[in-house]
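Right, one structure below, let's go through it.
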Amino acid sequence: MSAGYDLIVIGAGYAGLMAALTAQQSGRKTLLIAKGNGGTHLKTGCIDVLGYHAGRRVDHALRTVSELISERPGHPYAATGAEALGAALLAFKQAMDRAGYPFEGDGIINLLLPSALGVPRPTALAPRTMIAGDLRRPTPIVVVGFDNFKDFHPALIADNLTAAGHPARAVTLTAPGFEDEADLPPMTLARAFDNAPFRAAFTAVLGPQLRPGERVALPAVLGLNAALEALADLEARLGVPVFEIPTLPPSIPGIRLFNAFDRLLRAAGARVQIGHPVVGFKTDGLRVTAVTGQSAARPKDWACDAVVLATGGVASGGITVDSHRVARETVFGLPVVAAAQPPETVNGMSAPAAYFERPGPSLPGLAVDAALRPLDHSGTAAYLNLYAAGTLLTGAEPWREKSGEGISLASGWRTGQC
Amino acid sequence: MSSLTTEILVIGGGSTGAGIARDAALRGFKTILLDRGDLATGTTGRYHGLLHSGGRYVVKDPISAKECIDENYVLRRIAADCIEDTGGLFVETEHDDPNYAAEFVAGCQRAGIPIQELSPGEALRREPRLNPRLSRVYWVPDATIDAWKTVWANARDVQAHAGAVLSHHKITQLIRDGDVIRGAVAVNARTGEAVTIHADYTINASGAWAGQIAGLAGLPVTVLSGKGIMIAMNHRLTQMVVNRLKRPADGDILVPIRTVCVIGTTDVRVADPDDWPIEEREIQFMLDEGEKLVPGFRDARALRVWGGVRPLYQPPSLGAVSDTRDVSRTYTLLDHADADGLTGFLTMTGGKFTTYRQMAEVAVDAACRHLGVERACTTATTALPDSEEGKFYWLGARLNRREQDPHGDQLVCECEMITRARITDAMRARGGDLDDIRRTVRLGMGPCQGGFCIYRAAGLGHANGISDAEATNTHLLRFVTERWKGVQPLLWGDQLRQAVLDDQIFQGLLDIEHLPGWDRAGSEGQTPQAEQSSTAEPPAKAKRKTGKRKTASGGEA
């Protein structure tokens, strides 16, 4: 099929990006097509593998994933396997090194980084810009925020870190040069940190307020295109370690990560089509032969040998649920494993609902076979050459257990080899 | 035990109690208004916000209809800042009995409600989303009113007239001296401290809870609780109140209030005003009825479901009531001197938000008679604080202010356009409890249901020294769990997407589940009233829990 693609990946989140890069680097002609940006722009920009399991914080991430797989055969990690997870993390780190946006952490032992509320939060891999925040080190922290940036509250972070046994204090500044703007968007601050004159003005204000032996925490806006340069420059000017803490969307670290993938994909010869929702598909028997993308003028068919569906779950519109509680997979109409139904009644007045104690799978998703192919109603692969990856897979509580990116990279890496 | 002395003690800080307290204070009585929780958290803060024209009641409850239209005009004069003059429509659809219209028109004439018939085409021009198969439409002077704003305006006026407002005080005892009630004993829900309030006259305005309060004096008062549920949709599907042209029933009214519109309601008798369910089948029924008013209603975004209980007084003569829809919406003054031979105490219950001021006038008139004084009521002509200019609330006001100075302040809550200054002012006045701030400035009530703004607001309360970190964490977690109660039954469509994004922010990004100081087990089994805190100090309870948790997590770390 010379006119078509060896693989079409639908969706541009962590899973879709990883699947497309894996396929293209193995020499297969790959198209990544997506309605819009994915989870990268909303999440921390770190790679969570498994942060909490059985009510406990996880230190040994990969080892605990193996335990999880034996305890919960319906979990997406059981479908991807622990070996694929390890291989995917390694491939991801190598790719990000090549892209000039390096990640640290070994995936075996979790890092412990502060959240934007000052909670010590486990994660497996983090970009170099966050590494100095590892709370397993005792260095006292000075959390620095801006009174003209509303998505980061240094005093609250510092108090909560201190209460959790990690001494911290707070400093609040006005972002220099933006004194007349009370409501700075994160992108504006990130672009400012790309520029040396802003960094010089910023460090001139902050420097005198630092004490020897501290490390500096900032909101995750340390540069959009030149983050590593910005980090090195700030550390040189201040003479102390500097790190960033991810905060409310849009995620600057996530956007950097997306941009790194995008550069790698294009450099390797893959085609990336963002802004093109997939509105249909063609089949020949049990094989998908083409997907139909909506382009500016008209629907266009893209021929292919195989498809990876990585449209995300309900958060990104890969699955919809209507007011009769009927769930639908939006591209292929695949059977959806429903989320636990809400209780028939909730108490309207007294006890608050148990936000953290939800029964069963909290999100609808797809069930897959050992090759990560979505199942039809009879329990066999719906199409022989259709694979699913990422948040679409049922059985995880990604936000609670801190497993989202690990599932996406592992399943993306696996399906990218299909 | 501390003690206070007053002339008039009003029990219940909903619209009725706040109205009574203001009425008494304006007549020169030394007045105390008391509630077991925050003001307007019982029935008043849980209704859809309709300022009735009376049109809904003209056929089945004409007395209530007359009360409504009279007070509609009064409130437009005295509470303009709380009212949006939306107007209202009564719409006959293919589902409605065409014979009802004649009864409706005659009833409106009898009650003195001005109506105007619109052609279906004109009605659809004004409200394009309405069911296009509507056959008959009448305009009425319905409007919407902000219940919290109104109650707080009344309370502020009580304070301005040397009165006191005691929120979070639960009555434990009425002080009975022979056949006279001489005040009450209350317990501060936050400190546990008891306070004795000596009063010349005590007015029971506790609505659906009036039977419980009267019971403290051994008086048999039966107030039925008629539960109604409401669903807020993420924007205003109509700009006017829309009623079905038929006898009042479930799911037949759409009320545009502020940035949302609310469909209501149901009416189910419940035994306990503090313990009742919201059921899936009720929600589905409301959506089906919504479709009849606005086709496509099911596909619109539902933000939140909640309920409230109407106080419906049941006279002893009426016997058993099977359907609370049949209990009159008019109000009832129970003068316990006549009925029970007990002086110094009366109960005012039943009624509607729209008639709260008239209820207050009648109650305080009765108290004056018993106290042997003659003082005229002035509430019908004295504007509430902030309503002196007589200008109605305008939905565009916040956007208009923002556009005057787009960079001058932060928008902490984008959905409701609430600035940092406004939230900080509210916190300085009322403390850092985010649910109290929600009721004060509508924080977190828009489409994101607090997903973005609650982190910001919590950080502001802490940065300004209003709450320490422990209290801030508690406020944040309580807000998130409390919101979940209203969101959880509506997890479909775009609001499900929003809920997942909010999970990703609260749990994934911020990891609130592992905040220091949060003891999840301790959060269960408390009433919302016990949880509320509106002082700079964190609640004593939260502090205790924090200490416990510290020991536990110290071992883990």
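In the structure tokens, the first chain shown is A, the next is B, and so on; residue numbers restart at 1 for each chain, and ligands run from 1 in the order shown.
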Report as JSON lines: every residue of chain A with an atom at most 8 Å from chain B, its closest pair of atoms, and their distance in Å to one decimal, counting only C-alpha atoms, with rows sorted by chain and ascending residue number.
```
{"residue": "A:Lys43", "atom": "CA", "partner": "B:Leu509", "partner_atom": "CA", "distance": 6.7}
{"residue": "A:Thr44", "atom": "CA", "partner": "B:Leu509", "partner_atom": "CA", "distance": 6.1}
{"residue": "A:Ser115", "atom": "CA", "partner": "B:Leu510", "partner_atom": "CA", "distance": 5.2}
{"residue": "A:Ala116", "atom": "CA", "partner": "B:Leu510", "partner_atom": "CA", "distance": 5.7}
{"residue": "A:Leu117", "atom": "CA", "partner": "B:Leu510", "partner_atom": "CA", "distance": 5.8}
{"residue": "A:Gly118", "atom": "CA", "partner": "B:Leu515", "partner_atom": "CA", "distance": 7.8}
{"residue": "A:Val119", "atom": "CA", "partner": "B:Leu515", "partner_atom": "CA", "distance": 5.7}
{"residue": "A:Arg121", "atom": "CA", "partner": "B:Asp511", "partner_atom": "CA", "distance": 6.9}
{"residue": "A:Asn148", "atom": "CA", "partner": "B:Gln410", "partner_atom": "CA", "distance": 7.6}
{"residue": "A:Lys150", "atom": "CA", "partner": "B:Arg456", "partner_atom": "CA", "distance": 6.2}
{"residue": "A:Asp151", "atom": "CA", "partner": "B:Arg456", "partner_atom": "CA", "distance": 6.2}
{"residue": "A:Phe152", "atom": "CA", "partner": "B:Arg456", "partner_atom": "CA", "distance": 7.6}
{"residue": "A:His153", "atom": "CA", "partner": "B:Gly459", "partner_atom": "CA", "distance": 5.3}
{"residue": "A:Ala155", "atom": "CA", "partner": "B:Ala463", "partner_atom": "CA", "distance": 6.2}
{"residue": "A:Leu156", "atom": "CA", "partner": "B:Ala469", "partner_atom": "CA", "distance": 6.1}
{"residue": "A:Asp159", "atom": "CA", "partner": "B:Ala469", "partner_atom": "CA", "distance": 6.2}
{"residue": "A:Asn160", "atom": "CA", "partner": "B:Pro516", "partner_atom": "CA", "distance": 6.5}
{"residue": "A:Ala163", "atom": "CA", "partner": "B:Pro516", "partner_atom": "CA", "distance": 6.6}
{"residue": "A:Ala164", "atom": "CA", "partner": "B:Pro516", "partner_atom": "CA", "distance": 6.2}
{"residue": "A:Asp180", "atom": "CA", "partner": "B:His407", "partner_atom": "CA", "distance": 7.2}
{"residue": "A:Glu181", "atom": "CA", "partner": "B:His407", "partner_atom": "CA", "distance": 5.2}
{"residue": "A:Ala182", "atom": "CA", "partner": "B:Asp409", "partner_atom": "CA", "distance": 5.1}
{"residue": "A:Asp183", "atom": "CA", "partner": "B:Gln410", "partner_atom": "CA", "distance": 4.7}
{"residue": "A:Pro246", "atom": "CA", "partner": "B:Leu509", "partner_atom": "CA", "distance": 7.5}
{"residue": "A:Thr247", "atom": "CA", "partner": "B:Leu509", "partner_atom": "CA", "distance": 7.0}
{"residue": "A:Leu248", "atom": "CA", "partner": "B:Ile505", "partner_atom": "CA", "distance": 6.9}
{"residue": "A:Val314", "atom": "CA", "partner": "B:Arg497", "partner_atom": "CA", "distance": 5.6}
{"residue": "A:Ala315", "atom": "CA", "partner": "B:Arg497", "partner_atom": "CA", "distance": 4.5}
{"residue": "A:Ser316", "atom": "CA", "partner": "B:Arg497", "partner_atom": "CA", "distance": 7.3}
{"residue": "A:Gly317", "atom": "CA", "partner": "B:Arg497", "partner_atom": "CA", "distance": 7.6}
{"residue": "A:Thr320", "atom": "CA", "partner": "B:Gly493", "partner_atom": "CA", "distance": 6.4}
{"residue": "A:Val321", "atom": "CA", "partner": "B:Trp492", "partner_atom": "CA", "distance": 5.1}
{"residue": "A:Asp322", "atom": "CA", "partner": "B:Gly493", "partner_atom": "CA", "distance": 5.4}
{"residue": "A:Ser323", "atom": "CA", "partner": "B:Trp492", "partner_atom": "CA", "distance": 5.6}
{"residue": "A:His324", "atom": "CA", "partner": "B:Gln284", "partner_atom": "CA", "distance": 7.9}
{"residue": "A:Arg325", "atom": "CA", "partner": "B:Trp492", "partner_atom": "CA", "distance": 6.5}
{"residue": "A:Pro342", "atom": "CA", "partner": "B:Pro489", "partner_atom": "CA", "distance": 6.1}
{"residue": "A:Pro343", "atom": "CA", "partner": "B:Pro489", "partner_atom": "CA", "distance": 7.5}
{"residue": "A:Glu344", "atom": "CA", "partner": "B:Glu280", "partner_atom": "CA", "distance": 5.2}
{"residue": "A:Thr345", "atom": "CA", "partner": "B:Glu279", "partner_atom": "CA", "distance": 4.3}
{"residue": "A:Val346", "atom": "CA", "partner": "B:Ile278", "partner_atom": "CA", "distance": 5.3}
{"residue": "A:Asn347", "atom": "CA", "partner": "B:Pro277", "partner_atom": "CA", "distance": 4.5}
{"residue": "A:Gly348", "atom": "CA", "partner": "B:Pro277", "partner_atom": "CA", "distance": 5.2}
{"residue": "A:Met349", "atom": "CA", "partner": "B:Asp274", "partner_atom": "CA", "distance": 5.8}
{"residue": "A:Ser350", "atom": "CA", "partner": "B:Thr527", "partner_atom": "CA", "distance": 5.0}
{"residue": "A:Ala351", "atom": "CA", "partner": "B:Gly525", "partner_atom": "CA", "distance": 5.3}
{"residue": "A:Pro352", "atom": "CA", "partner": "B:Glu482", "partner_atom": "CA", "distance": 5.3}
{"residue": "A:Ala353", "atom": "CA", "partner": "B:Lys485", "partner_atom": "CA", "distance": 4.9}
{"residue": "A:Ala354", "atom": "CA", "partner": "B:Thr481", "partner_atom": "CA", "distance": 6.7}
{"residue": "A:Tyr355", "atom": "CA", "partner": "B:Thr481", "partner_atom": "CA", "distance": 5.3}
{"residue": "A:Phe356", "atom": "CA", "partner": "B:Glu513", "partner_atom": "CA", "distance": 7.5}
{"residue": "A:Pro398", "atom": "CA", "partner": "B:Gly508", "partner_atom": "CA", "distance": 7.7}
{"residue": "A:Trp399", "atom": "CA", "partner": "B:Gly508", "partner_atom": "CA", "distance": 4.3}
{"residue": "A:Arg400", "atom": "CA", "partner": "B:Gln507", "partner_atom": "CA", "distance": 5.8}
{"residue": "A:Lys402", "atom": "CA", "partner": "B:Gly508", "partner_atom": "CA", "distance": 6.5}
```
Residue subset to file, keeping C-alpha atoms, as a PDB file, in the first residue's frame:
```
ATOM      1  CA  LYS A  43      -0.997  17.193  33.337  1.00  0.00           C
ATOM      2  CA  THR A  44       2.186  17.669  35.351  1.00  0.00           C
ATOM      3  CA  SER A 115       2.821  19.346  44.388  1.00  0.00           C
ATOM      4  CA  ALA A 116       1.461  22.882  44.056  1.00  0.00           C
ATOM      5  CA  LEU A 117      -0.190  22.358  47.438  1.00  0.00           C
ATOM      6  CA  GLY A 118       3.051  21.237  49.032  1.00  0.00           C
ATOM      7  CA  VAL A 119       2.127  17.562  49.106  1.00  0.00           C
ATOM      8  CA  ARG A 121       4.030  13.519  45.418  1.00  0.00           C
ATOM      9  CA  ASN A 148       0.584  38.713  39.573  1.00  0.00           C
ATOM     10  CA  LYS A 150      -2.733  33.353  40.503  1.00  0.00           C
ATOM     11  CA  ASP A 151      -2.023  29.679  39.913  1.00  0.00           C
ATOM     12  CA  PHE A 152       0.745  29.243  42.481  1.00  0.00           C
ATOM     13  CA  HIS A 153       0.593  29.958  46.209  1.00  0.00           C
ATOM     14  CA  ALA A 155       3.132  30.364  51.389  1.00  0.00           C
ATOM     15  CA  LEU A 156       0.621  27.527  51.393  1.00  0.00           C
ATOM     16  CA  ASP A 159       3.610  25.606  55.176  1.00  0.00           C
ATOM     17  CA  ASN A 160       2.356  22.250  53.940  1.00  0.00           C
ATOM     18  CA  ALA A 163       4.202  20.261  58.114  1.00  0.00           C
ATOM     19  CA  ALA A 164       5.147  17.180  56.078  1.00  0.00           C
ATOM     20  CA  ASP A 180       0.863  46.756  35.471  1.00  0.00           C
ATOM     21  CA  GLU A 181      -0.563  43.307  34.761  1.00  0.00           C
ATOM     22  CA  ALA A 182      -2.262  41.679  37.713  1.00  0.00           C
ATOM     23  CA  ASP A 183      -3.335  38.502  35.951  1.00  0.00           C
ATOM     24  CA  PRO A 246       3.833  21.933  38.120  1.00  0.00           C
ATOM     25  CA  THR A 247       0.577  23.785  38.665  1.00  0.00           C
ATOM     26  CA  LEU A 248      -2.859  24.348  37.120  1.00  0.00           C
ATOM     27  CA  VAL A 314     -14.011  10.750  28.638  1.00  0.00           C
ATOM     28  CA  ALA A 315     -11.744  13.675  29.503  1.00  0.00           C
ATOM     29  CA  SER A 316     -10.695  14.106  25.890  1.00  0.00           C
ATOM     30  CA  GLY A 317     -13.868  12.963  24.153  1.00  0.00           C
ATOM     31  CA  THR A 320     -18.828  10.009  25.597  1.00  0.00           C
ATOM     32  CA  VAL A 321     -21.588   9.263  28.065  1.00  0.00           C
ATOM     33  CA  ASP A 322     -25.100  10.569  27.473  1.00  0.00           C
ATOM     34  CA  SER A 323     -27.737  11.541  30.002  1.00  0.00           C
ATOM     35  CA  HIS A 324     -29.178   8.007  29.917  1.00  0.00           C
ATOM     36  CA  ARG A 325     -25.720   6.858  31.091  1.00  0.00           C
ATOM     37  CA  PRO A 342     -23.766   6.297  40.299  1.00  0.00           C
ATOM     38  CA  PRO A 343     -25.780   5.306  43.340  1.00  0.00           C
ATOM     39  CA  GLU A 344     -29.544   5.273  42.743  1.00  0.00           C
ATOM     40  CA  THR A 345     -29.859   7.824  45.502  1.00  0.00           C
ATOM     41  CA  VAL A 346     -27.515  10.192  47.262  1.00  0.00           C
ATOM     42  CA  ASN A 347     -28.291  11.877  50.531  1.00  0.00           C
ATOM     43  CA  GLY A 348     -29.290  15.412  49.677  1.00  0.00           C
ATOM     44  CA  MET A 349     -28.621  17.081  52.979  1.00  0.00           C
ATOM     45  CA  SER A 350     -26.272  15.523  55.483  1.00  0.00           C
ATOM     46  CA  ALA A 351     -23.069  13.556  54.943  1.00  0.00           C
ATOM     47  CA  PRO A 352     -20.924  14.726  52.027  1.00  0.00           C
ATOM     48  CA  ALA A 353     -20.423  12.125  49.333  1.00  0.00           C
ATOM     49  CA  ALA A 354     -17.234  10.129  49.612  1.00  0.00           C
ATOM     50  CA  TYR A 355     -15.149  11.872  46.985  1.00  0.00           C
ATOM     51  CA  PHE A 356     -12.180   9.568  47.429  1.00  0.00           C
ATOM     52  CA  PRO A 398      -4.909   6.946  36.967  1.00  0.00           C
ATOM     53  CA  TRP A 399      -5.248  10.157  38.983  1.00  0.00           C
ATOM     54  CA  ARG A 400      -5.657   8.514  42.324  1.00  0.00           C
ATOM     55  CA  LYS A 402      -0.682   8.173  39.870  1.00  0.00           C
TER      56      LYS A 402
END
```
Point to revise | Test item, strand (DSSP E or B) assignment across range 62-218 of chain A, answer as a VMD selection string | key: chain A and resid 103 to 104 109 111 to 114 120 to 123 125 to 127 141 to 146 168 to 173 215 to 218
Could the residues in this selection be saved with C-alpha atoms as a compact mmCIF listing (two decimals), in the first residue's frame?
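Saved the output as out35.txt:
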```
# COMPACT_ATOMS: atom_id res chain seq x y z
CA PHE A 103 14.20 13.39 31.97
CA GLU A 104 15.71 11.96 35.11
CA ILE A 109 12.59 3.98 42.45
CA LEU A 111 11.15 10.45 42.92
CA LEU A 112 9.30 12.54 45.52
CA LEU A 113 8.41 16.00 44.24
CA PRO A 114 6.26 18.69 45.84
CA PRO A 120 5.12 15.22 48.62
CA ARG A 121 4.03 13.52 45.42
CA PRO A 122 5.65 10.36 44.02
CA THR A 123 6.49 10.20 40.33
CA LEU A 125 10.49 10.36 35.80
CA ALA A 126 10.66 14.14 35.81
CA PRO A 127 12.21 16.70 33.47
CA ILE A 141 13.38 25.11 50.21
CA VAL A 142 12.38 28.67 49.47
CA VAL A 143 9.18 28.67 47.43
CA VAL A 144 8.99 31.73 45.20
CA GLY A 145 5.78 32.95 43.61
CA PHE A 146 4.45 36.04 41.89
CA ALA A 168 10.37 25.49 53.53
CA ARG A 169 9.63 29.20 53.51
CA ALA A 170 7.94 31.46 50.98
CA VAL A 171 8.84 34.59 49.05
CA THR A 172 6.37 36.48 46.87
CA LEU A 173 7.56 38.88 44.20
CA ARG A 215 17.11 25.62 47.00
CA VAL A 216 14.58 27.68 45.05
CA ALA A 217 11.16 26.41 43.94
CA LEU A 218 9.27 28.29 41.22
```
Revision key, fill the gap. If you count only C-alpha atoms, the residue of B:Arg375, B:Val59, B:Arg236, B:Ala205 closest to Tyr100 in chain B turns out to be B:Val59
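Proximity of B:Thr16, B:Asn234, B:Thr378, B:Thr355 to Asn154 in chain B, computed with only C-alpha atoms, is greatest for B:Thr16.
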**Study point:** Computed interatomic separation between CA of Gly254 in chain A and CA of Ile8 in chain A (Å)
**Key:** 23.0 Å
Practice item. For range 24-41 of chain A, list every protein, DNA or RNA residue within 6 Å, evaluated using only C-alpha atoms, and leave out those in the same chain fewer than 6 positions away; present the list as an MDAnalysis selection string. Key: chainID A and resid 5:13 250:251 254:255 270:277
For the selection you just gave me, I'd like the residues written to a file as a tab-separated table (two decimals), in the first residue's frame, keeping C-alpha atoms.
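After the write, selection07.tsv holds the following:
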```tsv
chain	number	residue	atom	x	y	z
A	5	TYR	CA	0.54	4.56	5.90
A	6	ASP	CA	1.91	1.56	7.68
A	7	LEU	CA	0.35	2.90	10.86
A	8	ILE	CA	-2.12	5.61	11.65
A	9	VAL	CA	-2.24	6.77	15.25
A	10	ILE	CA	-5.38	8.65	16.33
A	11	GLY	CA	-4.76	10.95	19.28
A	12	ALA	CA	-1.86	13.21	20.31
A	13	GLY	CA	-1.59	12.56	24.04
A	250	PRO	CA	-2.17	24.79	30.83
A	251	SER	CA	0.95	22.81	31.71
A	254	GLY	CA	3.64	19.29	29.23
A	255	ILE	CA	3.71	21.66	26.27
A	270	ALA	CA	6.26	11.06	10.40
A	271	ARG	CA	3.29	13.17	9.43
A	272	VAL	CA	1.54	15.03	12.27
A	273	GLN	CA	-1.97	16.34	11.64
A	274	ILE	CA	-3.45	18.14	14.64
A	275	GLY	CA	-6.84	19.76	14.22
A	276	HIS	CA	-8.24	16.93	12.11
A	277	PRO	CA	-10.93	14.96	13.91
```
Exercise for review: Find the residues near Arg357 in chain B: any atom within 9 Å, counting only C-alpha atoms, skip ones fewer than 3 places away on the same chain, and give them as a list in words.
Suggested key: Ser15, Thr16, Gly19, Ile20, Asp23, Glu71, Val74, Leu75, Phe353, Thr354, Ala360, Glu361, Val362, Thr379 and Ala380 of chain B
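Between CA of Ala396 in chain A and CA of His53 in chain A lies a distance of 11.5 Å.
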Check your understanding: Rounded to one decimal in Å, what is the spacing between CA of Asp134 in chain A and CA of Asp59 in chain A?
Key ->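 Here the two named atoms are 13.0 Å from each other.
Residue nearest Gly218 in chain B, chosen from B:Glu117, B:Glu289, B:Asp340, B:Asp177 and counting only C-alpha atoms: B:Asp340.
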**Study point:** Closest of B:Pro447, B:Gly226, B:Pro295, B:Gly372 to Pro132 in chain B - atom-to-atom distances counting only C-alpha atoms
**Key:**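 Nearest to Pro132 in chain B: B:Pro295.
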